[in-house]
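Below is the file work_1.txt, which contains compact mmCIF, C-alpha atoms.
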```
# COMPACT_ATOMS: atom_id res chain seq x y z
CA MET D 1 -90.86 -162.71 143.05
CA ASN D 2 -91.73 -166.39 143.47
CA GLU D 3 -89.44 -167.51 140.61
CA ALA D 4 -91.90 -170.21 139.46
CA LEU D 5 -91.61 -170.81 135.75
CA ILE D 6 -92.26 -173.22 132.94
CA ALA D 7 -89.94 -173.81 130.01
CA GLU D 8 -90.59 -175.74 126.82
CA THR D 9 -89.67 -176.12 123.17
CA ILE D 10 -92.25 -174.66 120.81
CA SER D 11 -92.56 -173.72 117.15
CA ILE D 12 -92.99 -170.13 116.00
CA THR D 13 -93.56 -168.53 112.62
CA GLY D 14 -90.34 -166.84 111.55
CA HIS D 15 -88.95 -165.21 108.45
CA ASN D 16 -90.81 -166.00 105.23
CA GLY D 17 -93.48 -167.83 107.22
CA ASP D 18 -91.06 -170.64 108.11
CA GLU D 19 -91.82 -172.74 111.16
CA VAL D 20 -88.82 -172.31 113.47
CA GLU D 21 -87.95 -174.18 116.65
CA ALA D 22 -87.81 -171.92 119.70
CA TYR D 23 -87.32 -172.20 123.45
CA LEU D 24 -89.92 -170.46 125.61
CA ALA D 25 -89.51 -169.81 129.33
CA ARG D 26 -92.28 -167.90 131.09
CA PRO D 27 -93.18 -167.01 134.66
CA LEU D 28 -96.02 -168.76 136.45
CA GLY D 29 -98.58 -167.01 138.65
CA LYS D 30 -97.95 -163.57 137.19
CA ASP D 31 -100.88 -161.57 135.77
CA SER D 32 -98.81 -159.25 133.62
CA PHE D 33 -95.31 -159.57 132.24
CA GLY D 34 -93.02 -158.15 129.60
CA GLY D 35 -91.30 -160.22 126.95
CA VAL D 36 -87.67 -160.70 125.92
CA VAL D 37 -86.44 -162.16 122.65
CA VAL D 38 -83.16 -163.91 123.46
CA ILE D 39 -80.68 -164.13 120.57
CA HIS D 40 -78.20 -166.92 121.15
CA HIS D 41 -74.46 -166.60 120.65
CA MET D 42 -72.50 -167.91 117.69
CA PRO D 43 -72.00 -171.37 119.32
CA GLY D 44 -75.72 -171.78 118.93
CA TYR D 45 -79.00 -172.68 120.56
CA ASP D 46 -77.28 -174.41 123.44
CA GLY D 47 -77.77 -175.28 127.07
CA GLY D 48 -76.05 -172.15 128.32
CA THR D 49 -78.37 -169.84 126.41
CA LYS D 50 -81.46 -171.81 127.43
CA GLU D 51 -80.33 -171.27 131.01
CA ILE D 52 -80.31 -167.55 130.29
CA ALA D 53 -83.89 -167.77 128.98
CA ARG D 54 -84.97 -169.50 132.21
CA LYS D 55 -83.23 -166.80 134.25
CA PHE D 56 -85.40 -164.15 132.58
CA ALA D 57 -88.51 -166.17 133.40
CA ALA D 58 -87.41 -166.50 137.03
CA HIS D 59 -87.17 -162.71 137.09
CA GLY D 60 -90.70 -162.28 135.76
CA TYR D 61 -90.27 -161.99 131.99
CA ALA D 62 -91.41 -164.29 129.21
CA ALA D 63 -88.27 -165.17 127.26
CA LEU D 64 -88.36 -166.64 123.78
CA MET D 65 -85.24 -167.82 121.95
CA PRO D 66 -85.56 -168.84 118.29
CA ASN D 67 -83.12 -171.46 117.05
CA LEU D 68 -81.44 -169.32 114.40
CA TYR D 69 -79.72 -172.41 112.96
CA HIS D 70 -82.90 -174.48 112.73
CA ARG D 71 -83.04 -174.24 108.93
CA ASP D 72 -79.33 -175.06 108.55
CA ALA D 73 -79.40 -178.15 110.73
CA PRO D 74 -82.86 -179.28 111.89
CA GLY D 75 -82.60 -181.70 114.77
CA ALA D 76 -78.80 -181.53 114.98
CA SER D 77 -76.97 -180.99 118.25
CA PRO D 78 -76.19 -177.31 118.95
CA ASP D 79 -72.46 -177.62 118.24
CA ASP D 80 -72.98 -179.48 114.95
CA ALA D 81 -75.61 -176.92 113.94
CA ALA D 82 -73.27 -174.05 114.79
CA ALA D 83 -70.51 -175.61 112.68
CA ALA D 84 -72.92 -176.01 109.75
CA ALA D 85 -74.17 -172.44 110.07
CA ARG D 86 -70.62 -171.15 110.30
CA ALA D 87 -69.64 -173.00 107.12
CA LYS D 88 -72.60 -171.41 105.33
CA GLY D 89 -71.52 -167.90 106.33
CA GLY D 90 -73.77 -167.40 109.34
CA VAL D 91 -77.34 -166.15 109.62
CA PRO D 92 -78.44 -163.71 106.89
CA ASP D 93 -79.47 -160.35 108.38
CA GLU D 94 -82.87 -160.37 106.68
CA ARG D 95 -83.67 -163.83 108.06
CA LEU D 96 -82.61 -162.76 111.56
CA VAL D 97 -84.95 -159.78 111.50
CA GLY D 98 -87.82 -161.97 110.31
CA ASP D 99 -87.25 -164.52 113.04
CA VAL D 100 -87.05 -161.86 115.76
CA ARG D 101 -90.22 -160.27 114.38
CA GLY D 102 -92.00 -163.61 114.67
CA ALA D 103 -90.73 -164.12 118.21
CA ALA D 104 -91.79 -160.60 119.27
CA GLU D 105 -95.27 -161.12 117.82
CA TYR D 106 -95.58 -164.42 119.67
CA LEU D 107 -94.61 -162.73 122.96
CA ARG D 108 -97.06 -159.85 122.49
CA ALA D 109 -99.92 -162.31 121.82
CA MET D 110 -99.35 -164.38 124.97
CA ASP D 111 -101.98 -164.40 127.73
CA GLY D 112 -100.70 -162.00 130.37
CA ALA D 113 -98.34 -160.13 128.05
CA ASN D 114 -98.16 -156.44 128.82
CA GLY D 115 -97.35 -155.65 125.18
CA LYS D 116 -93.76 -154.61 125.84
CA VAL D 117 -90.98 -156.61 124.19
CA GLY D 118 -87.24 -156.24 124.44
CA VAL D 119 -84.36 -158.04 122.81
CA ILE D 120 -80.99 -159.24 124.08
CA GLY D 121 -78.16 -160.93 122.22
CA TYR D 122 -74.74 -162.30 123.00
CA CYS D 123 -71.59 -162.42 120.80
CA SER D 124 -72.85 -162.46 117.19
CA GLY D 125 -76.27 -162.03 118.80
CA GLY D 126 -75.17 -158.65 120.19
CA ARG D 127 -74.88 -157.29 116.67
CA GLN D 128 -78.15 -158.98 115.80
CA SER D 129 -79.85 -157.38 118.79
CA PHE D 130 -78.82 -153.95 117.50
CA LEU D 131 -79.95 -154.93 114.00
CA ALA D 132 -83.36 -156.06 115.27
CA ALA D 133 -83.83 -152.90 117.33
CA CYS D 134 -83.07 -150.77 114.24
CA SER D 135 -85.43 -152.80 112.07
CA LEU D 136 -88.43 -153.51 114.30
CA PRO D 137 -90.59 -151.63 116.82
CA LEU D 138 -89.21 -152.78 120.20
CA ASP D 139 -89.16 -151.35 123.72
CA ALA D 140 -85.61 -152.05 124.94
CA ALA D 141 -82.49 -153.67 123.45
CA VAL D 142 -79.35 -155.11 125.04
CA ASP D 143 -76.14 -155.71 123.08
CA CYS D 144 -73.70 -158.00 124.89
CA TYR D 145 -70.30 -157.70 123.22
CA GLY D 146 -71.57 -157.77 119.65
CA ALA D 147 -68.85 -157.44 117.01
CA PHE D 148 -69.16 -155.66 113.67
CA VAL D 149 -71.87 -153.17 114.54
CA VAL D 150 -68.96 -150.91 113.64
CA GLY D 151 -65.73 -152.09 112.05
CA THR D 152 -65.11 -154.16 108.98
CA PRO D 153 -64.69 -157.92 109.40
CA PRO D 154 -61.14 -159.19 108.71
CA GLU D 155 -60.16 -160.48 105.31
CA GLY D 156 -61.02 -164.12 104.80
CA MET D 157 -63.81 -164.20 107.36
CA PRO D 158 -66.47 -166.67 106.25
CA LEU D 159 -69.33 -164.84 107.95
CA LYS D 160 -71.28 -162.72 105.52
CA VAL D 161 -71.87 -159.79 107.85
CA GLY D 162 -70.97 -156.15 107.58
CA PRO D 163 -71.07 -153.06 109.78
CA ILE D 164 -74.55 -151.73 110.55
CA ALA D 165 -73.90 -148.56 112.56
CA HIS D 166 -75.47 -146.55 109.72
CA LEU D 167 -78.81 -147.94 110.91
CA ALA D 168 -78.50 -146.04 114.22
CA PRO D 169 -80.98 -143.29 113.21
CA SER D 170 -83.62 -146.06 112.96
CA LEU D 171 -83.00 -147.42 116.47
CA SER D 172 -86.52 -147.85 117.87
CA CYS D 173 -85.78 -148.11 121.59
CA PRO D 174 -83.22 -147.46 124.36
CA LEU D 175 -80.05 -149.55 124.07
CA LEU D 176 -77.93 -151.05 126.85
CA GLY D 177 -74.44 -152.12 125.79
CA LEU D 178 -72.28 -154.44 127.95
CA PHE D 179 -68.70 -154.99 126.83
CA GLY D 180 -65.38 -156.42 127.96
CA ALA D 181 -62.48 -153.98 128.00
CA GLU D 182 -60.14 -156.79 126.97
CA ASP D 183 -62.25 -157.80 123.97
CA GLN D 184 -60.96 -157.24 120.43
CA TYR D 185 -64.24 -157.97 118.63
CA PRO D 186 -65.62 -155.44 119.48
CA SER D 187 -62.57 -153.47 120.55
CA PRO D 188 -62.87 -150.62 123.09
CA GLU D 189 -62.26 -148.21 120.19
CA GLN D 190 -65.19 -149.68 118.27
CA VAL D 191 -67.41 -149.42 121.36
CA ASP D 192 -66.43 -145.74 121.67
CA GLU D 193 -67.20 -145.18 118.00
CA LEU D 194 -70.68 -146.67 118.37
CA ASP D 195 -71.24 -144.55 121.48
CA LYS D 196 -70.44 -141.39 119.49
CA ILE D 197 -72.67 -142.44 116.59
CA LEU D 198 -75.60 -142.95 118.95
CA ILE D 199 -74.98 -139.61 120.65
CA GLU D 200 -74.95 -137.87 117.27
CA ALA D 201 -78.16 -139.67 116.31
CA GLY D 202 -79.76 -138.56 119.59
CA LYS D 203 -80.49 -142.13 120.66
CA GLU D 204 -80.94 -143.05 124.32
CA HIS D 205 -78.28 -145.55 125.35
CA GLU D 206 -75.92 -146.56 128.13
CA PHE D 207 -72.68 -148.47 127.68
CA HIS D 208 -70.64 -150.28 130.33
CA SER D 209 -67.20 -151.79 129.72
CA TYR D 210 -65.68 -154.09 132.31
CA ALA D 211 -61.97 -154.11 133.09
CA GLY D 212 -60.46 -157.58 133.26
CA ALA D 213 -63.23 -159.04 131.12
CA GLY D 214 -63.05 -160.07 127.48
CA HIS D 215 -65.50 -161.57 125.07
CA ALA D 216 -68.27 -163.83 126.39
CA PHE D 217 -67.88 -162.92 130.06
CA PHE D 218 -71.49 -163.96 130.75
CA SER D 219 -70.80 -167.59 129.74
CA VAL D 220 -70.77 -169.48 133.03
CA ASP D 221 -69.59 -172.72 131.40
CA ARG D 222 -66.56 -171.26 129.62
CA PRO D 223 -63.18 -169.99 130.79
CA ALA D 224 -64.16 -166.52 129.53
CA TYR D 225 -66.62 -166.21 132.45
CA ARG D 226 -65.86 -163.23 134.69
CA VAL D 227 -68.00 -163.36 137.78
CA GLU D 228 -67.79 -159.68 138.78
CA ALA D 229 -68.55 -158.39 135.28
CA ALA D 230 -71.36 -160.90 134.82
CA ASN D 231 -72.98 -160.15 138.17
CA ASP D 232 -72.86 -156.41 137.58
CA GLY D 233 -74.01 -156.89 134.00
CA TRP D 234 -77.06 -158.84 135.13
CA GLN D 235 -77.91 -156.09 137.59
CA LYS D 236 -77.68 -153.53 134.79
CA ILE D 237 -80.04 -155.70 132.72
CA TRP D 238 -82.60 -155.98 135.53
CA ASP D 239 -82.50 -152.22 136.09
CA PHE D 240 -82.81 -151.50 132.38
CA TYR D 241 -85.62 -153.94 131.61
CA GLY D 242 -87.30 -152.92 134.88
CA ARG D 243 -87.59 -149.41 133.47
CA TYR D 244 -88.78 -150.30 129.98
CA LEU D 245 -90.43 -153.72 130.01
CA ALA D 246 -91.77 -154.55 133.47
CA GLY D 247 -95.31 -154.19 134.64
CA MET M 1 -63.06 -162.92 120.92
CA CYS M 2 -64.65 -164.70 117.99
CA THR M 3 -61.97 -164.72 115.31
CA TYR M 4 -64.32 -166.03 112.63
CA LEU M 5 -61.29 -166.98 110.49
CA THR M 6 -61.71 -170.34 108.81
CA GLU M 7 -59.63 -172.44 106.43
CA LYS M 8 -61.56 -174.94 104.33
CA ILE M 9 -60.06 -177.88 102.44
CA GLU M 10 -61.32 -180.93 100.59
CA VAL M 11 -60.18 -184.23 102.07
CA SER M 12 -60.44 -187.89 101.16
CA GLY M 13 -60.74 -190.52 103.86
CA SER M 14 -63.06 -191.66 106.62
CA GLY M 15 -63.95 -190.54 110.10
CA LYS M 16 -65.86 -192.02 113.00
CA GLY M 17 -68.65 -189.87 114.38
CA SER M 18 -71.54 -190.38 116.76
CA ALA M 19 -73.31 -192.70 114.25
CA GLY M 20 -70.23 -194.68 113.24
CA TRP M 21 -67.85 -194.47 110.32
CA PHE M 22 -68.56 -192.22 107.36
CA THR M 23 -66.76 -190.91 104.29
CA LEU M 24 -65.04 -187.54 104.72
CA THR M 25 -65.20 -184.93 101.99
CA ASP M 26 -64.27 -181.66 103.73
CA ALA M 27 -62.37 -180.26 106.67
CA THR M 28 -62.47 -176.82 108.29
CA VAL M 29 -59.76 -175.41 110.51
CA TYR M 30 -60.40 -172.37 112.67
CA LEU M 31 -59.23 -170.60 115.81
CA ASP M 32 -62.11 -169.73 118.09
CA HIS M 33 -63.83 -170.36 121.38
CA PRO M 34 -64.09 -174.08 122.09
CA VAL M 35 -67.35 -175.77 122.98
CA HIS M 36 -65.74 -178.11 125.47
CA ALA M 37 -61.98 -177.64 125.90
CA PRO M 38 -60.99 -175.66 129.03
CA ALA M 39 -59.30 -172.81 127.16
CA GLU M 40 -60.45 -169.41 125.95
CA HIS M 41 -59.37 -170.15 122.38
CA THR M 42 -58.46 -173.36 120.62
CA LEU M 43 -57.46 -174.55 117.18
CA ASN M 44 -60.55 -176.39 116.03
CA ILE M 45 -60.78 -178.95 113.25
CA ASP M 46 -64.03 -180.31 111.87
CA PHE M 47 -63.87 -183.34 109.59
CA LEU M 48 -67.09 -183.29 107.61
CA ASN M 49 -69.36 -184.75 105.00
CA PRO M 50 -71.91 -181.95 104.45
CA ALA M 51 -73.94 -184.11 102.05
CA ASN M 52 -74.75 -186.39 104.99
CA GLY M 53 -75.97 -183.50 107.15
CA PRO M 54 -74.48 -181.44 109.96
CA SER M 55 -74.13 -184.39 112.31
CA ALA M 56 -71.61 -186.05 109.96
CA ARG M 57 -68.82 -184.32 111.83
CA VAL M 58 -65.74 -185.36 113.77
CA ALA M 59 -64.63 -182.38 115.84
CA VAL M 60 -61.47 -181.70 117.82
CA GLU M 61 -60.48 -178.65 119.87
CA LEU M 62 -56.74 -178.36 120.56
CA THR M 63 -54.59 -175.86 122.36
CA ALA M 64 -52.24 -174.03 120.00
CA GLU M 65 -49.27 -176.00 121.37
CA SER M 66 -51.07 -179.28 120.82
CA ALA M 67 -52.03 -178.31 117.29
CA LYS M 68 -48.43 -177.48 116.42
CA ALA M 69 -47.24 -180.76 117.91
CA LEU M 70 -49.87 -182.60 115.89
CA VAL M 71 -48.70 -180.95 112.66
CA GLN M 72 -45.10 -182.01 113.41
CA ALA M 73 -46.16 -185.55 114.27
CA ILE M 74 -48.15 -185.89 111.04
CA GLU M 75 -45.27 -184.56 108.93
CA ALA M 76 -42.72 -186.74 110.73
CA THR M 77 -44.86 -189.82 110.23
CA LEU M 78 -45.36 -189.17 106.52
CA GLU M 79 -41.68 -188.38 105.99
CA SER M 80 -40.54 -191.58 107.72
CA ALA M 81 -42.88 -193.82 105.74
CA PRO M 82 -41.15 -196.35 103.49
CA PRO M 83 -40.89 -195.32 99.83
CA GLY M 84 -43.97 -196.17 97.81
CA LEU M 85 -46.42 -196.20 100.71
CA VAL M 86 -47.45 -192.56 100.53
```
This structure in structure tokens:
Amino acid sequence: MNEALIAETISITGHNGDEVEAYLARPLGKDSFGGVVVIHHMPGYDGGTKEIARKFAAHGYAALMPNLYHRDAPGASPDDAAAAARAKGGVPDERLVGDVRGAAEYLRAMDGANGKVGVIGYCSGGRQSFLAACSLPLDAAVDCYGAFVVGTPPEGMPLKVGPIAHLAPSLSCPLLGLFGAEDQYPSPEQVDELDKILIEAGKEHEFHSYAGAGHAFFSVDRPAYRVEAANDGWQKIWDFYGRYLAG
Amino acid sequence: MCTYLTEKIEVSGSGKGSAGWFTLTDATVYLDHPVHAPAEHTLNIDFLNPANGPSARVAVELTAESAKALVQAIEATLESAPPGLV
């Protein structure tokens, strides 16, 4: 692995044919690579998540992250865009699926693409990763502490999202779930419930919950960062994508 | 965790953002992960004018203790104002 990469802002065709801003990081000097659609966390299309996209490229994958808030706040800074999207109730599920579909198609059409595409999402993106993997043909999905795959959102919550565990029979690919044992959204009980639903549906999956870690333990620039959980979580991701996307 | 809980109110006044002063029409108050403050959760307030776009925003992220102290300071200031001013 030489870790050479290039990263740039591009435009992709997303839901409804909309042109959507996206961040692409891809490896250099590699004849064949898999692709990863990166779904950013609720705080938006920010520097921390772009760093994650570059990390995938350094490990030999083409990573493409659509700006899910592009329509809500074109050209705005990530935190202003996240505030605007939050006030509007978040990203509609249908729009999310359309944007991930567009990103996956872009990755499959790249020179050097091996045709395999996975998805990974953090926070609200964890739920969206599960949603995408139940709605689109994908090769591997990672859910990092996504809330409301199971469980009903609390009263008064402005986000217009609901539980989607009933989609489990449509899951198109193996699922890796990485959770914090101290998290409340999703709670350990909700993680167990999803585990049972996937077992009953006969879907290949592996879940890991980290003691001493809560929500957002991968975020290196936030106090929620937990180095041991994050390091082990990354290793689980490399092993998982190595099995289903590499080559 | 992401609490997602948000209180929204209409406000009248002005705020100073990255492009200078602008008229405020709305404010949102929520408890969630901060973007910048060194705490896992903060009480966040956005002063907004959505008609002027998402960048028309003055944002603060306060610890719960700071937010409570701010509420007390605001109430104390308004209560001590001379009659007829507020």
Hey, could you make a per-residue contact list for region 145-239 of chain D against region 17-36 of chain M with 10 Å as the cut-off, showing the nearest pair of atoms and its distance in Å to one decimal, counting only C-alpha atoms, sorted by chain and number, as a Markdown table?
```
| residue | atom | partner | partner_atom | distance |
| --- | --- | --- | --- | --- |
| D:His215 | CA | M:His33 | CA | 9.7 |
| D:Ala216 | CA | M:His33 | CA | 9.4 |
| D:Asp221 | CA | M:His36 | CA | 8.9 |
| D:Arg222 | CA | M:His36 | CA | 8.1 |
| D:Pro223 | CA | M:His33 | CA | 9.4 |
| D:Ala224 | CA | M:His33 | CA | 9.0 |
```
Set the cut-off to 7 Å and count only C-alpha atoms: what are the residues of chain D that reach chain M? Output as a count of residues only. 15
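You will find CA of Val60 (chain M) at 16.2 Å from CA of Ala73 (chain M).
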Selection: 9 Å around region 67-70 of chain M, all atoms listed in the file, excl. self and same-chain fewer than 4 positions, as a list of chain:residue names: M:Thr42, M:Leu43, M:Asn44, M:Glu61, M:Leu62, M:Thr63, M:Ile74, M:Glu75
Taking 3 positions as the minimum chain separation for residues in the same chain, which residues sit within 8 Å of Leu28 (chain D) when counting all atoms listed in the file? Answer as a ChimeraX atom specification. /D:3-6
Between D:Met110, D:Leu167, D:Ile52, D:Ala58, which one has atoms that come closest to Ser32 (chain D), using all atoms listed in the file?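 Smallest distance to Ser32 (chain D) is found for D:Met110.
Taking CA of Val97 (chain D) and CA of Arg71 (chain D) as endpoints, the distance between them is 14.8 Å.
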Hey, could you patch up region 69-82 of chain M with N, CA and C atoms and hand it over as a JSON list (two decimals), keeping the file's coordinate frame?
```json
[["chain", "number", "residue", "atom", "x", "y", "z"],
["M", 69, "ALA", "N", -47.85, -179.45, 117.71],
["M", 69, "ALA", "CA", -47.24, -180.76, 117.91],
["M", 69, "ALA", "C", -47.87, -181.80, 116.99],
["M", 70, "LEU", "N", -49.17, -181.67, 116.78],
["M", 70, "LEU", "CA", -49.87, -182.60, 115.89],
["M", 70, "LEU", "C", -49.37, -182.45, 114.45],
["M", 71, "VAL", "N", -49.21, -181.19, 114.02],
["M", 71, "VAL", "CA", -48.70, -180.95, 112.66],
["M", 71, "VAL", "C", -47.33, -181.61, 112.50],
["M", 72, "GLN", "N", -46.45, -181.42, 113.48],
["M", 72, "GLN", "CA", -45.10, -182.01, 113.41],
["M", 72, "GLN", "C", -45.17, -183.53, 113.40],
["M", 73, "ALA", "N", -46.06, -184.09, 114.21],
["M", 73, "ALA", "CA", -46.16, -185.55, 114.27],
["M", 73, "ALA", "C", -46.67, -186.12, 112.95],
["M", 74, "ILE", "N", -47.62, -185.43, 112.34],
["M", 74, "ILE", "CA", -48.15, -185.89, 111.04],
["M", 74, "ILE", "C", -47.04, -185.83, 109.99],
["M", 75, "GLU", "N", -46.33, -184.70, 109.94],
["M", 75, "GLU", "CA", -45.27, -184.56, 108.93],
["M", 75, "GLU", "C", -44.15, -185.58, 109.15],
["M", 76, "ALA", "N", -43.79, -185.79, 110.43],
["M", 76, "ALA", "CA", -42.72, -186.74, 110.73],
["M", 76, "ALA", "C", -43.13, -188.15, 110.33],
["M", 77, "THR", "N", -44.37, -188.48, 110.58],
["M", 77, "THR", "CA", -44.86, -189.82, 110.23],
["M", 77, "THR", "C", -44.85, -190.03, 108.73],
["M", 78, "LEU", "N", -45.33, -189.04, 107.98],
["M", 78, "LEU", "CA", -45.36, -189.17, 106.52],
["M", 78, "LEU", "C", -43.95, -189.23, 105.94],
["M", 79, "GLU", "N", -43.05, -188.41, 106.52],
["M", 79, "GLU", "CA", -41.68, -188.38, 105.99],
["M", 79, "GLU", "C", -40.93, -189.68, 106.26],
["M", 80, "SER", "N", -41.28, -190.36, 107.36],
["M", 80, "SER", "CA", -40.54, -191.58, 107.72],
["M", 80, "SER", "C", -41.15, -192.83, 107.09],
["M", 81, "ALA", "N", -42.24, -192.64, 106.35],
["M", 81, "ALA", "CA", -42.88, -193.82, 105.74],
["M", 81, "ALA", "C", -41.98, -194.40, 104.66],
["M", 82, "PRO", "N", -41.97, -195.72, 104.53],
["M", 82, "PRO", "CA", -41.15, -196.35, 103.49],
["M", 82, "PRO", "C", -41.56, -195.86, 102.10]]
```
